[in-house]
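Coordinates from structure-v1.cif are shown below (mmCIF, C-alpha atoms).
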```cif
data_my_file
#
loop_
_atom_site.label_atom_id
_atom_site.label_comp_id
_atom_site.auth_asym_id
_atom_site.auth_seq_id
_atom_site.Cartn_x
_atom_site.Cartn_y
_atom_site.Cartn_z
CA MET G 1 -81.04 13.41 -37.34
CA THR G 2 -77.38 14.01 -36.46
CA ILE G 3 -75.49 12.68 -33.42
CA LYS G 4 -75.56 16.22 -32.00
CA ASP G 5 -79.36 16.39 -32.38
CA PHE G 6 -79.72 12.95 -30.85
CA LEU G 7 -77.55 13.92 -27.89
CA ASN G 8 -79.48 17.12 -27.27
CA THR G 9 -82.99 15.76 -27.70
CA LYS G 10 -82.81 12.12 -26.56
CA ILE G 11 -80.00 12.00 -24.04
CA LEU G 12 -79.65 15.41 -22.43
CA GLU G 13 -83.11 16.85 -23.06
CA TYR G 14 -81.82 20.36 -22.45
CA SER G 15 -84.18 23.18 -23.26
CA SER G 16 -81.54 25.93 -23.51
CA GLU G 17 -78.77 26.32 -26.10
CA PRO G 18 -77.81 22.97 -27.69
CA ILE G 19 -74.62 21.41 -26.35
CA GLU G 20 -71.71 20.91 -28.75
CA LEU G 21 -70.39 17.37 -29.15
CA PRO G 22 -67.29 16.73 -27.00
CA PHE G 23 -65.69 14.71 -29.85
CA ARG G 24 -65.29 14.97 -33.63
CA THR G 25 -67.61 13.22 -36.07
CA TRP G 26 -67.59 12.68 -39.82
CA VAL G 27 -70.49 12.15 -42.21
CA THR G 28 -70.20 9.89 -45.22
CA SER G 29 -72.33 8.10 -47.80
CA ILE G 30 -71.70 4.42 -48.47
CA SER G 31 -73.14 2.25 -51.16
CA LYS G 32 -75.07 -1.00 -50.76
CA GLY G 33 -72.80 -3.89 -49.79
CA THR G 34 -70.03 -1.72 -48.27
CA VAL G 35 -68.41 -3.51 -45.33
CA LEU G 36 -67.76 -1.15 -42.41
CA THR G 37 -66.32 -3.77 -40.04
CA LYS G 38 -64.74 -6.99 -41.30
CA PHE G 39 -64.42 -10.27 -39.43
CA GLY G 40 -61.11 -10.09 -37.53
CA GLN G 41 -60.92 -6.30 -37.57
CA ILE G 42 -60.62 -4.41 -34.28
CA GLU G 43 -63.49 -1.96 -33.95
CA ARG G 44 -62.17 1.60 -33.62
CA LYS G 45 -65.29 3.53 -34.58
CA GLY G 46 -68.81 4.12 -33.33
CA TYR G 47 -71.49 4.74 -35.95
CA PHE G 48 -74.85 6.47 -36.18
CA ILE G 49 -77.13 5.89 -39.15
CA TRP G 50 -78.93 8.81 -40.80
CA ASP G 51 -80.47 6.93 -43.67
CA GLY G 52 -80.56 3.35 -45.02
CA ILE G 53 -80.27 -0.07 -43.36
CA ILE G 54 -77.20 -1.69 -41.79
CA LEU G 55 -76.79 -5.40 -40.94
CA CYS G 56 -74.56 -6.93 -38.25
CA ALA G 57 -73.78 -10.56 -39.05
CA ILE G 58 -71.97 -13.52 -37.57
CA GLU G 59 -70.93 -16.65 -39.43
CA LYS G 60 -70.86 -20.35 -38.66
CA ASP G 61 -69.76 -22.98 -41.15
CA GLY G 62 -70.03 -20.38 -43.91
CA GLN G 63 -73.64 -19.66 -42.94
CA GLU G 64 -74.54 -16.07 -42.10
CA LYS G 65 -76.75 -15.20 -39.14
CA ILE G 66 -78.01 -11.67 -38.55
CA ILE G 67 -77.34 -10.44 -35.04
CA ASP G 68 -78.75 -6.95 -35.55
CA ILE G 69 -80.69 -4.89 -38.09
CA ILE G 70 -79.99 -1.17 -37.75
CA MET G 71 -82.58 1.34 -38.94
CA PRO G 72 -82.10 5.16 -39.15
CA ASN G 73 -81.35 7.21 -35.99
CA ASN G 74 -79.62 4.37 -34.18
CA PHE G 75 -76.05 3.83 -33.03
CA PHE G 76 -74.10 0.69 -33.93
CA CYS G 77 -70.65 -0.87 -33.97
CA ALA G 78 -69.10 -4.27 -33.22
CA TYR G 79 -69.67 -3.68 -29.49
CA ASN G 80 -67.73 -6.66 -28.20
CA SER G 81 -64.64 -5.72 -30.22
CA PHE G 82 -65.10 -2.03 -29.37
CA ILE G 83 -65.14 -2.86 -25.63
CA SER G 84 -62.56 -5.65 -25.51
CA ASP G 85 -60.14 -4.57 -28.27
CA GLU G 86 -60.29 -8.16 -29.57
CA PRO G 87 -60.74 -8.94 -33.28
CA SER G 88 -64.39 -8.72 -34.25
CA ASP G 89 -66.44 -11.86 -34.91
CA ILE G 90 -69.20 -9.57 -36.15
CA LYS G 91 -69.29 -8.20 -39.69
CA ILE G 92 -71.11 -4.94 -40.32
CA TYR G 93 -72.30 -4.02 -43.80
CA ALA G 94 -74.77 -1.87 -45.67
CA LEU G 95 -77.93 -3.62 -46.87
CA THR G 96 -78.85 -0.49 -48.84
CA ASN G 97 -77.09 2.75 -49.76
CA CYS G 98 -76.62 4.54 -46.45
CA LYS G 99 -75.68 7.89 -45.01
CA ILE G 100 -73.80 7.53 -41.76
CA GLU G 101 -72.03 9.64 -39.15
CA TYR G 102 -69.18 8.22 -37.13
CA MET G 103 -66.76 9.04 -34.31
CA LEU G 104 -63.43 7.56 -33.27
CA LYS G 105 -63.16 5.44 -30.15
CA ARG G 106 -59.95 7.21 -29.14
CA ASP G 107 -61.69 10.63 -29.33
CA LEU G 108 -64.50 9.31 -27.15
CA GLN G 109 -62.05 7.88 -24.64
CA GLU G 110 -60.12 11.13 -24.58
CA ALA G 111 -63.36 13.04 -23.94
CA TYR G 112 -64.19 10.85 -20.93
CA HIS G 113 -61.41 12.54 -18.99
CA HIS G 114 -62.81 16.05 -19.15
CA SER G 115 -66.41 15.90 -20.36
CA ILE G 116 -69.41 14.92 -18.25
CA VAL G 117 -71.46 14.97 -21.44
CA ALA G 118 -69.17 12.35 -23.02
CA ASN G 119 -69.56 10.11 -19.97
CA LYS G 120 -73.32 10.52 -20.01
CA PHE G 121 -73.36 9.80 -23.74
CA ALA G 122 -71.32 6.60 -23.36
CA ARG G 123 -73.44 5.46 -20.40
CA TYR G 124 -76.63 6.02 -22.41
CA LEU G 125 -75.30 4.02 -25.38
CA LYS G 126 -74.15 1.05 -23.32
CA GLU G 127 -77.31 0.92 -21.22
CA ASN G 128 -79.38 1.12 -24.35
CA VAL G 129 -77.58 -1.75 -26.05
CA LEU G 130 -77.68 -3.75 -22.82
CA LEU G 131 -81.46 -3.35 -22.54
CA LYS G 132 -81.88 -4.48 -26.15
CA LYS G 133 -79.68 -7.52 -25.65
CA VAL G 134 -81.45 -8.56 -22.42
CA GLN G 135 -84.76 -8.24 -24.28
CA ARG G 136 -83.47 -10.36 -27.16
CA GLU G 137 -82.17 -13.02 -24.76
CA LYS G 138 -85.61 -13.20 -23.16
CA ASP G 139 -87.25 -13.41 -26.58
CA PHE G 140 -85.03 -16.33 -27.59
CA LEU G 141 -86.03 -18.15 -24.41
CA ILE G 142 -89.77 -17.56 -24.36
CA LEU G 143 -91.08 -16.73 -27.82
CA THR G 144 -92.01 -19.21 -30.52
CA ALA G 145 -90.87 -18.42 -34.08
CA GLU G 146 -94.32 -17.11 -34.92
CA GLU G 147 -94.47 -14.93 -31.81
CA SER G 148 -91.00 -13.51 -32.61
CA TYR G 149 -92.14 -12.57 -36.08
CA ILE G 150 -95.40 -10.99 -34.83
CA GLN G 151 -93.41 -8.98 -32.27
CA LEU G 152 -91.04 -7.74 -35.00
CA LEU G 153 -94.05 -6.88 -37.16
CA ASN G 154 -95.62 -4.85 -34.33
CA GLU G 155 -92.52 -3.16 -32.99
CA ASN G 156 -90.47 -2.66 -36.17
CA PRO G 157 -92.86 -2.84 -39.14
CA GLU G 158 -90.31 -0.99 -41.28
CA ILE G 159 -87.85 -3.89 -40.86
CA VAL G 160 -90.44 -6.32 -42.19
CA GLN G 161 -91.16 -3.88 -45.01
CA TYR G 162 -87.61 -3.22 -46.19
CA VAL G 163 -85.44 -6.18 -45.17
CA PRO G 164 -85.44 -9.35 -47.34
CA ILE G 165 -87.28 -12.29 -45.84
CA LYS G 166 -84.11 -14.42 -45.79
CA LYS G 167 -82.30 -11.84 -43.63
CA ILE G 168 -85.26 -11.58 -41.26
CA ALA G 169 -85.24 -15.37 -40.86
CA GLN G 170 -81.49 -15.24 -40.12
CA TYR G 171 -82.20 -12.54 -37.53
CA LEU G 172 -84.95 -14.54 -35.84
CA GLY G 173 -82.85 -17.71 -35.90
CA ILE G 174 -85.33 -19.72 -37.96
CA HIS G 175 -85.34 -21.32 -41.42
CA PRO G 176 -86.54 -19.09 -44.26
CA GLU G 177 -89.05 -21.80 -45.18
CA SER G 178 -90.51 -21.76 -41.64
CA LEU G 179 -90.81 -17.98 -41.84
CA SER G 180 -92.58 -18.25 -45.22
CA ARG G 181 -95.07 -20.70 -43.70
CA ILE G 182 -95.65 -18.36 -40.75
CA ARG G 183 -96.21 -15.42 -43.07
CA LYS G 184 -98.69 -17.40 -45.18
CA ARG G 185 -100.61 -18.48 -42.09
CA LEU G 186 -100.75 -14.91 -40.78
CA THR G 187 -101.91 -13.56 -44.14
CA PHE G 188 -104.61 -16.23 -44.19
CA LEU G 189 -105.76 -15.22 -40.69
CA THR G 190 -106.03 -11.50 -41.42
CA MET N 1 -63.73 -12.57 -2.42
CA THR N 2 -65.32 -9.24 -1.44
CA ILE N 3 -66.41 -6.43 -3.77
CA LYS N 4 -63.43 -4.43 -2.51
CA ASP N 5 -61.04 -7.27 -3.40
CA PHE N 6 -62.69 -7.65 -6.79
CA LEU N 7 -62.40 -3.93 -7.49
CA ASN N 8 -58.74 -3.85 -6.52
CA THR N 9 -57.61 -7.01 -8.27
CA LYS N 10 -59.87 -7.35 -11.32
CA ILE N 11 -60.90 -3.81 -12.21
CA LEU N 12 -58.18 -1.43 -11.03
CA GLU N 13 -55.19 -3.78 -10.84
CA TYR N 14 -53.38 -1.34 -8.57
CA SER N 15 -50.20 -2.61 -7.00
CA SER N 16 -50.01 -0.04 -4.18
CA GLU N 17 -52.38 0.38 -1.22
CA PRO N 18 -55.84 -1.05 -1.92
CA ILE N 19 -58.50 1.55 -2.78
CA GLU N 20 -61.51 1.87 -0.46
CA LEU N 21 -64.94 1.41 -2.01
CA PRO N 22 -66.62 4.73 -2.86
CA PHE N 23 -70.01 3.37 -1.66
CA ARG N 24 -71.35 1.33 1.27
CA THR N 25 -71.91 -2.42 1.06
CA TRP N 26 -73.58 -4.98 3.34
CA VAL N 27 -72.92 -8.70 3.67
CA THR N 28 -75.69 -11.16 4.41
CA SER N 29 -76.46 -14.88 4.34
CA ILE N 30 -79.66 -16.04 2.67
CA SER N 31 -81.17 -19.48 2.65
CA LYS N 32 -82.08 -21.62 -0.34
CA GLY N 33 -85.21 -20.36 -2.08
CA THR N 34 -84.92 -16.76 -0.82
CA VAL N 35 -86.22 -14.33 -3.45
CA LEU N 36 -83.99 -11.24 -3.77
CA THR N 37 -85.93 -9.57 -6.61
CA LYS N 38 -89.60 -10.34 -7.26
CA PHE N 39 -91.47 -9.97 -10.54
CA GLY N 40 -92.80 -6.40 -10.63
CA GLN N 41 -90.28 -5.06 -8.12
CA ILE N 42 -88.04 -2.14 -9.09
CA GLU N 43 -84.40 -3.14 -8.70
CA ARG N 44 -82.65 -0.85 -6.21
CA LYS N 45 -79.64 -3.02 -5.35
CA GLY N 46 -76.58 -4.47 -7.03
CA TYR N 47 -75.34 -7.83 -5.73
CA PHE N 48 -72.09 -9.76 -5.59
CA ILE N 49 -72.05 -13.43 -4.67
CA TRP N 50 -69.42 -14.80 -2.28
CA ASP N 51 -70.75 -18.32 -2.00
CA GLY N 52 -73.64 -20.40 -3.39
CA ILE N 53 -75.65 -20.24 -6.62
CA ILE N 54 -78.20 -17.62 -7.71
CA LEU N 55 -80.75 -18.00 -10.52
CA CYS N 56 -82.32 -15.23 -12.62
CA ALA N 57 -85.62 -16.36 -14.12
CA ILE N 58 -88.33 -15.11 -16.43
CA GLU N 59 -91.79 -16.60 -16.78
CA LYS N 60 -94.16 -17.25 -19.66
CA ASP N 61 -97.53 -18.95 -19.26
CA GLY N 62 -96.49 -20.04 -15.77
CA GLN N 63 -93.37 -21.72 -17.19
CA GLU N 64 -90.01 -20.65 -15.78
CA LYS N 65 -86.99 -20.00 -18.03
CA ILE N 66 -83.55 -19.37 -16.60
CA ILE N 67 -81.92 -16.27 -18.02
CA ASP N 68 -78.78 -16.44 -15.91
CA ILE N 69 -76.98 -18.76 -13.48
CA ILE N 70 -74.71 -16.84 -11.11
CA MET N 71 -71.71 -18.58 -9.55
CA PRO N 72 -69.42 -17.14 -6.81
CA ASN N 73 -67.41 -13.93 -7.44
CA ASN N 74 -69.87 -12.49 -9.91
CA PHE N 75 -72.12 -9.45 -9.87
CA PHE N 76 -75.82 -9.67 -10.58
CA CYS N 77 -79.13 -7.80 -10.40
CA ALA N 78 -82.21 -7.34 -12.58
CA TYR N 79 -80.20 -5.16 -14.96
CA ASN N 80 -83.06 -3.95 -17.12
CA SER N 81 -85.05 -2.78 -14.08
CA PHE N 82 -81.89 -1.36 -12.45
CA ILE N 83 -81.20 0.73 -15.59
CA SER N 84 -84.72 1.70 -16.60
CA ASP N 85 -86.44 1.98 -13.18
CA GLU N 86 -89.26 -0.12 -14.63
CA PRO N 87 -90.78 -3.07 -12.71
CA SER N 88 -88.64 -6.16 -13.12
CA ASP N 89 -89.76 -9.02 -15.35
CA ILE N 90 -86.84 -11.00 -13.97
CA LYS N 91 -87.03 -12.88 -10.67
CA ILE N 92 -83.81 -13.49 -8.77
CA TYR N 93 -83.60 -16.24 -6.16
CA ALA N 94 -81.16 -18.45 -4.30
CA LEU N 95 -80.80 -21.99 -5.67
CA THR N 96 -78.69 -22.88 -2.61
CA ASN N 97 -77.85 -21.19 0.69
CA CYS N 98 -75.78 -18.16 -0.31
CA LYS N 99 -73.55 -15.50 1.15
CA ILE N 100 -73.90 -12.23 -0.73
CA GLU N 101 -72.68 -8.66 -0.57
CA TYR N 102 -74.77 -5.83 -1.93
CA MET N 103 -74.78 -2.08 -2.55
CA LEU N 104 -77.58 0.43 -3.09
CA LYS N 105 -78.17 1.91 -6.51
CA ARG N 106 -78.63 5.38 -4.98
CA ASP N 107 -75.22 5.15 -3.26
CA LEU N 108 -73.62 4.15 -6.54
CA GLN N 109 -75.32 7.01 -8.39
CA GLU N 110 -74.26 9.45 -5.70
CA ALA N 111 -70.66 8.22 -6.00
CA TYR N 112 -70.66 8.84 -9.79
CA HIS N 113 -70.59 12.58 -9.10
CA HIS N 114 -67.32 12.65 -7.21
CA SER N 115 -65.53 9.31 -7.68
CA ILE N 116 -63.61 8.25 -10.78
CA VAL N 117 -63.35 4.78 -9.23
CA ALA N 118 -67.16 4.53 -9.03
CA ASN N 119 -67.44 5.49 -12.70
CA LYS N 120 -64.78 2.96 -13.68
CA PHE N 121 -66.52 0.31 -11.58
CA ALA N 122 -69.91 0.95 -13.21
CA ARG N 123 -68.38 0.99 -16.67
CA TYR N 124 -66.64 -2.34 -16.02
CA LEU N 125 -69.86 -3.97 -14.81
CA LYS N 126 -71.98 -2.81 -17.73
CA GLU N 127 -69.36 -3.71 -20.31
CA ASN N 128 -68.96 -7.11 -18.72
CA VAL N 129 -72.67 -7.86 -18.77
CA LEU N 130 -72.92 -6.52 -22.32
CA LEU N 131 -70.15 -8.84 -23.52
CA LYS N 132 -71.89 -11.81 -21.88
CA LYS N 133 -75.25 -10.94 -23.45
CA VAL N 134 -73.74 -10.46 -26.93
CA GLN N 135 -72.07 -13.85 -26.54
CA ARG N 136 -75.32 -15.49 -25.48
CA GLU N 137 -77.18 -13.89 -28.39
CA LYS N 138 -74.58 -15.34 -30.78
CA ASP N 139 -74.86 -18.74 -29.09
CA PHE N 140 -78.64 -18.79 -29.51
CA LEU N 141 -78.21 -18.03 -33.21
CA ILE N 142 -75.42 -20.42 -34.13
CA LEU N 143 -75.19 -23.29 -31.65
CA THR N 144 -77.25 -26.47 -31.66
CA ALA N 145 -78.63 -27.68 -28.32
CA GLU N 146 -75.79 -30.22 -28.07
CA GLU N 147 -73.14 -27.61 -28.88
CA SER N 148 -74.62 -25.25 -26.25
CA TYR N 149 -74.41 -27.96 -23.62
CA ILE N 150 -70.84 -28.92 -24.57
CA GLN N 151 -69.82 -25.25 -24.39
CA LEU N 152 -71.37 -24.94 -20.91
CA LEU N 153 -69.60 -28.14 -19.88
CA ASN N 154 -66.24 -26.77 -21.07
CA GLU N 155 -66.57 -23.19 -19.87
CA ASN N 156 -68.59 -23.64 -16.67
CA PRO N 157 -68.20 -27.24 -15.51
CA GLU N 158 -69.24 -26.24 -11.99
CA ILE N 159 -72.69 -25.21 -13.31
CA VAL N 160 -73.20 -28.66 -14.81
CA GLN N 161 -71.99 -30.16 -11.53
CA TYR N 162 -74.16 -28.20 -9.11
CA VAL N 163 -77.26 -27.01 -10.98
CA PRO N 164 -80.19 -29.41 -11.49
CA ILE N 165 -80.57 -30.68 -15.03
CA LYS N 166 -84.05 -29.14 -15.36
CA LYS N 167 -82.67 -25.66 -14.60
CA ILE N 168 -79.82 -26.13 -17.08
CA ALA N 169 -82.34 -27.09 -19.77
CA GLN N 170 -84.37 -23.96 -18.94
CA TYR N 171 -81.18 -21.93 -19.26
CA LEU N 172 -80.26 -23.42 -22.63
CA GLY N 173 -83.82 -23.02 -23.90
CA ILE N 174 -84.35 -26.72 -24.60
CA HIS N 175 -86.63 -29.46 -23.23
CA PRO N 176 -85.27 -31.37 -20.23
CA GLU N 177 -85.88 -34.61 -22.17
CA SER N 178 -83.74 -33.36 -25.07
CA LEU N 179 -80.98 -32.48 -22.63
CA SER N 180 -81.17 -35.94 -21.05
CA ARG N 181 -80.79 -37.53 -24.51
CA ILE N 182 -77.81 -35.27 -25.25
CA ARG N 183 -76.17 -36.20 -21.95
CA LYS N 184 -76.71 -39.91 -22.59
CA ARG N 185 -75.21 -39.66 -26.07
CA LEU N 186 -72.19 -37.74 -24.74
CA THR N 187 -71.66 -40.27 -21.94
CA PHE N 188 -71.82 -43.04 -24.52
CA LEU N 189 -69.23 -41.30 -26.70
CA THR N 190 -66.69 -40.73 -23.93
#
```

What is this file in structure tokens?
Amino acid sequence: MTIKDFLNTKILEYSSEPIELPFRTWVTSISKGTVLTKFGQIERKGYFIWDGIILCAIEKDGQEKIIDIIMPNNFFCAYNSFISDEPSDIKIYALTNCKIEYMLKRDLQEAYHHSIVANKFARYLKENVLLKKVQREKDFLILTAEESYIQLLNENPEIVQYVPIKKIAQYLGIHPESLSRIRKRLTFLT
Amino acid sequence: MTIKDFLNTKILEYSSEPIELPFRTWVTSISKGTVLTKFGQIERKGYFIWDGIILCAIEKDGQEKIIDIIMPNNFFCAYNSFISDEPSDIKIYALTNCKIEYMLKRDLQEAYHHSIVANKFARYLKENVLLKKVQREKDFLILTAEESYIQLLNENPEIVQYVPIKKIAQYLGIHPESLSRIRKRLTFLT
């Protein structure tokens, strides 16, 4: 799915002629391990993933933690840097070979001035990320490690299928060994 | 500070005549314990706190967890319900007597159609909440309980001063007993 398709089917839900995007986009293929946003870089792009898996990571004492796992047909960028223009403390890189489409922040900002569609698009993206983050905050507060894993298994089985166990543990904020124990227990129960 | 003051000084930073709000607001005093948003209620209002302390809570197995502690001159509402129109799983109530100002969601939505200021206002609010949530997500992933408490102490000393220890523990996602131990150790060190 392209950004244009996404806009027309998921955001606008128009039934007539599809709307053209009010900003430019580019499509590119990147290989596994490619870093799209480095630590300290100011985020100037917004991305949409067609194919592959992207990871958003933070670091503490040289240890990586996964803040987000991006599967196909989703938008991503270092949101805090994108919004604040501050250097990013989030690194974004390709876990697998990926095909991505991206736009420039300055094109999007330019489009705000004259395009209602651009405003609607930006509002949708921010609200969507906000809902996800509120959900994740709640999960951190109320779910046990095992419940978090079961929820991920139910809601995003493809993450559990394609993302290495160590990265999933880093995403759930638990030790890989604890996650292995949980997985063994669940396998035993089923 | 009123919403109008906040808009003029923090969001627009105009130096000329202050801009009027493009939507209606009401000011009211509520007493300690008043529930502004119940579990299951659809959020139709956006709030701004002049004075007092507001808590946003979620519940699991009858246990309360604090998702947000709102101090004066901040906006709040059950954002996920406000955005999605789904019943709220967040309860919002007054920890102390409070003075608050609020607006209606439908007024704000109406103002989007004709007011650039309303659009700028909404964008500011969502971006602001998004930045806070991303920060909190990072904190949950990388900070120890003690580091979380020290950060709260440094960045929001008034929360530590005015909010009961049990509520702070619920906000940090740790047991009240663990927080008491942390506080004792820190007192001993200083």

Next item on the list: May I have the residues at most 10 Å from (-72.6, -14.3, -41.7) in the file's coordinates, counting all atoms listed in the file, as a PyMOL selection string?
Entry: chain G and resi 39+55-67+89-92+170

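In this structure, atom CA of Phe82 of chain N sits 7.6 Å away from atom CA of Lys45 of chain N.
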
Margin query: I want to know what sits within 10 Å of Ser81 of chain N, based on only C-alpha atoms, with residues of the same chain fewer than 3 positions away left out; could you give that as a list of chain:residue names?
Written below: G:Leu131, N:Gly40, N:Gln41, N:Ile42, N:Glu43, N:Arg44, N:Cys77, N:Ala78, N:Ser84, N:Asp85, N:Glu86, N:Pro87, N:Ser88, N:Asp89, N:Ile90

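Considering the residues G:Asp51, G:Glu147, G:Glu137, G:Glu158 and counting only C-alpha atoms, Glu101 of chain G has its shortest atom-to-atom contact with G:Asp51.
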
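Taking all atoms listed in the file into account, chain G lies nearest to N:Asp68 out of the set N:Asp68, N:Glu17, N:Glu155, N:Glu110.
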
Check: Using all atoms listed in the file, which of G:Ile11, G:Ile19, G:Ile142, G:Met103 sits nearest chain N?
Finding: G:Ile142

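Comparing G:Ala122, G:Ile159, G:Leu143, G:Leu130 by their smallest distance to Ile53 of chain G, the closest is G:Ile159 (using only C-alpha atoms).
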
Checklist line | Point-to-point distance from atom CA of Asn119 of chain G to atom CA of Lys105 of chain N, Å rounded to tenths | finding: 18.0 Å

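Atom pair atom CA of Asn80 of chain G / atom CA of Leu125 of chain G has a distance of 13.4 Å (rounded to one decimal).
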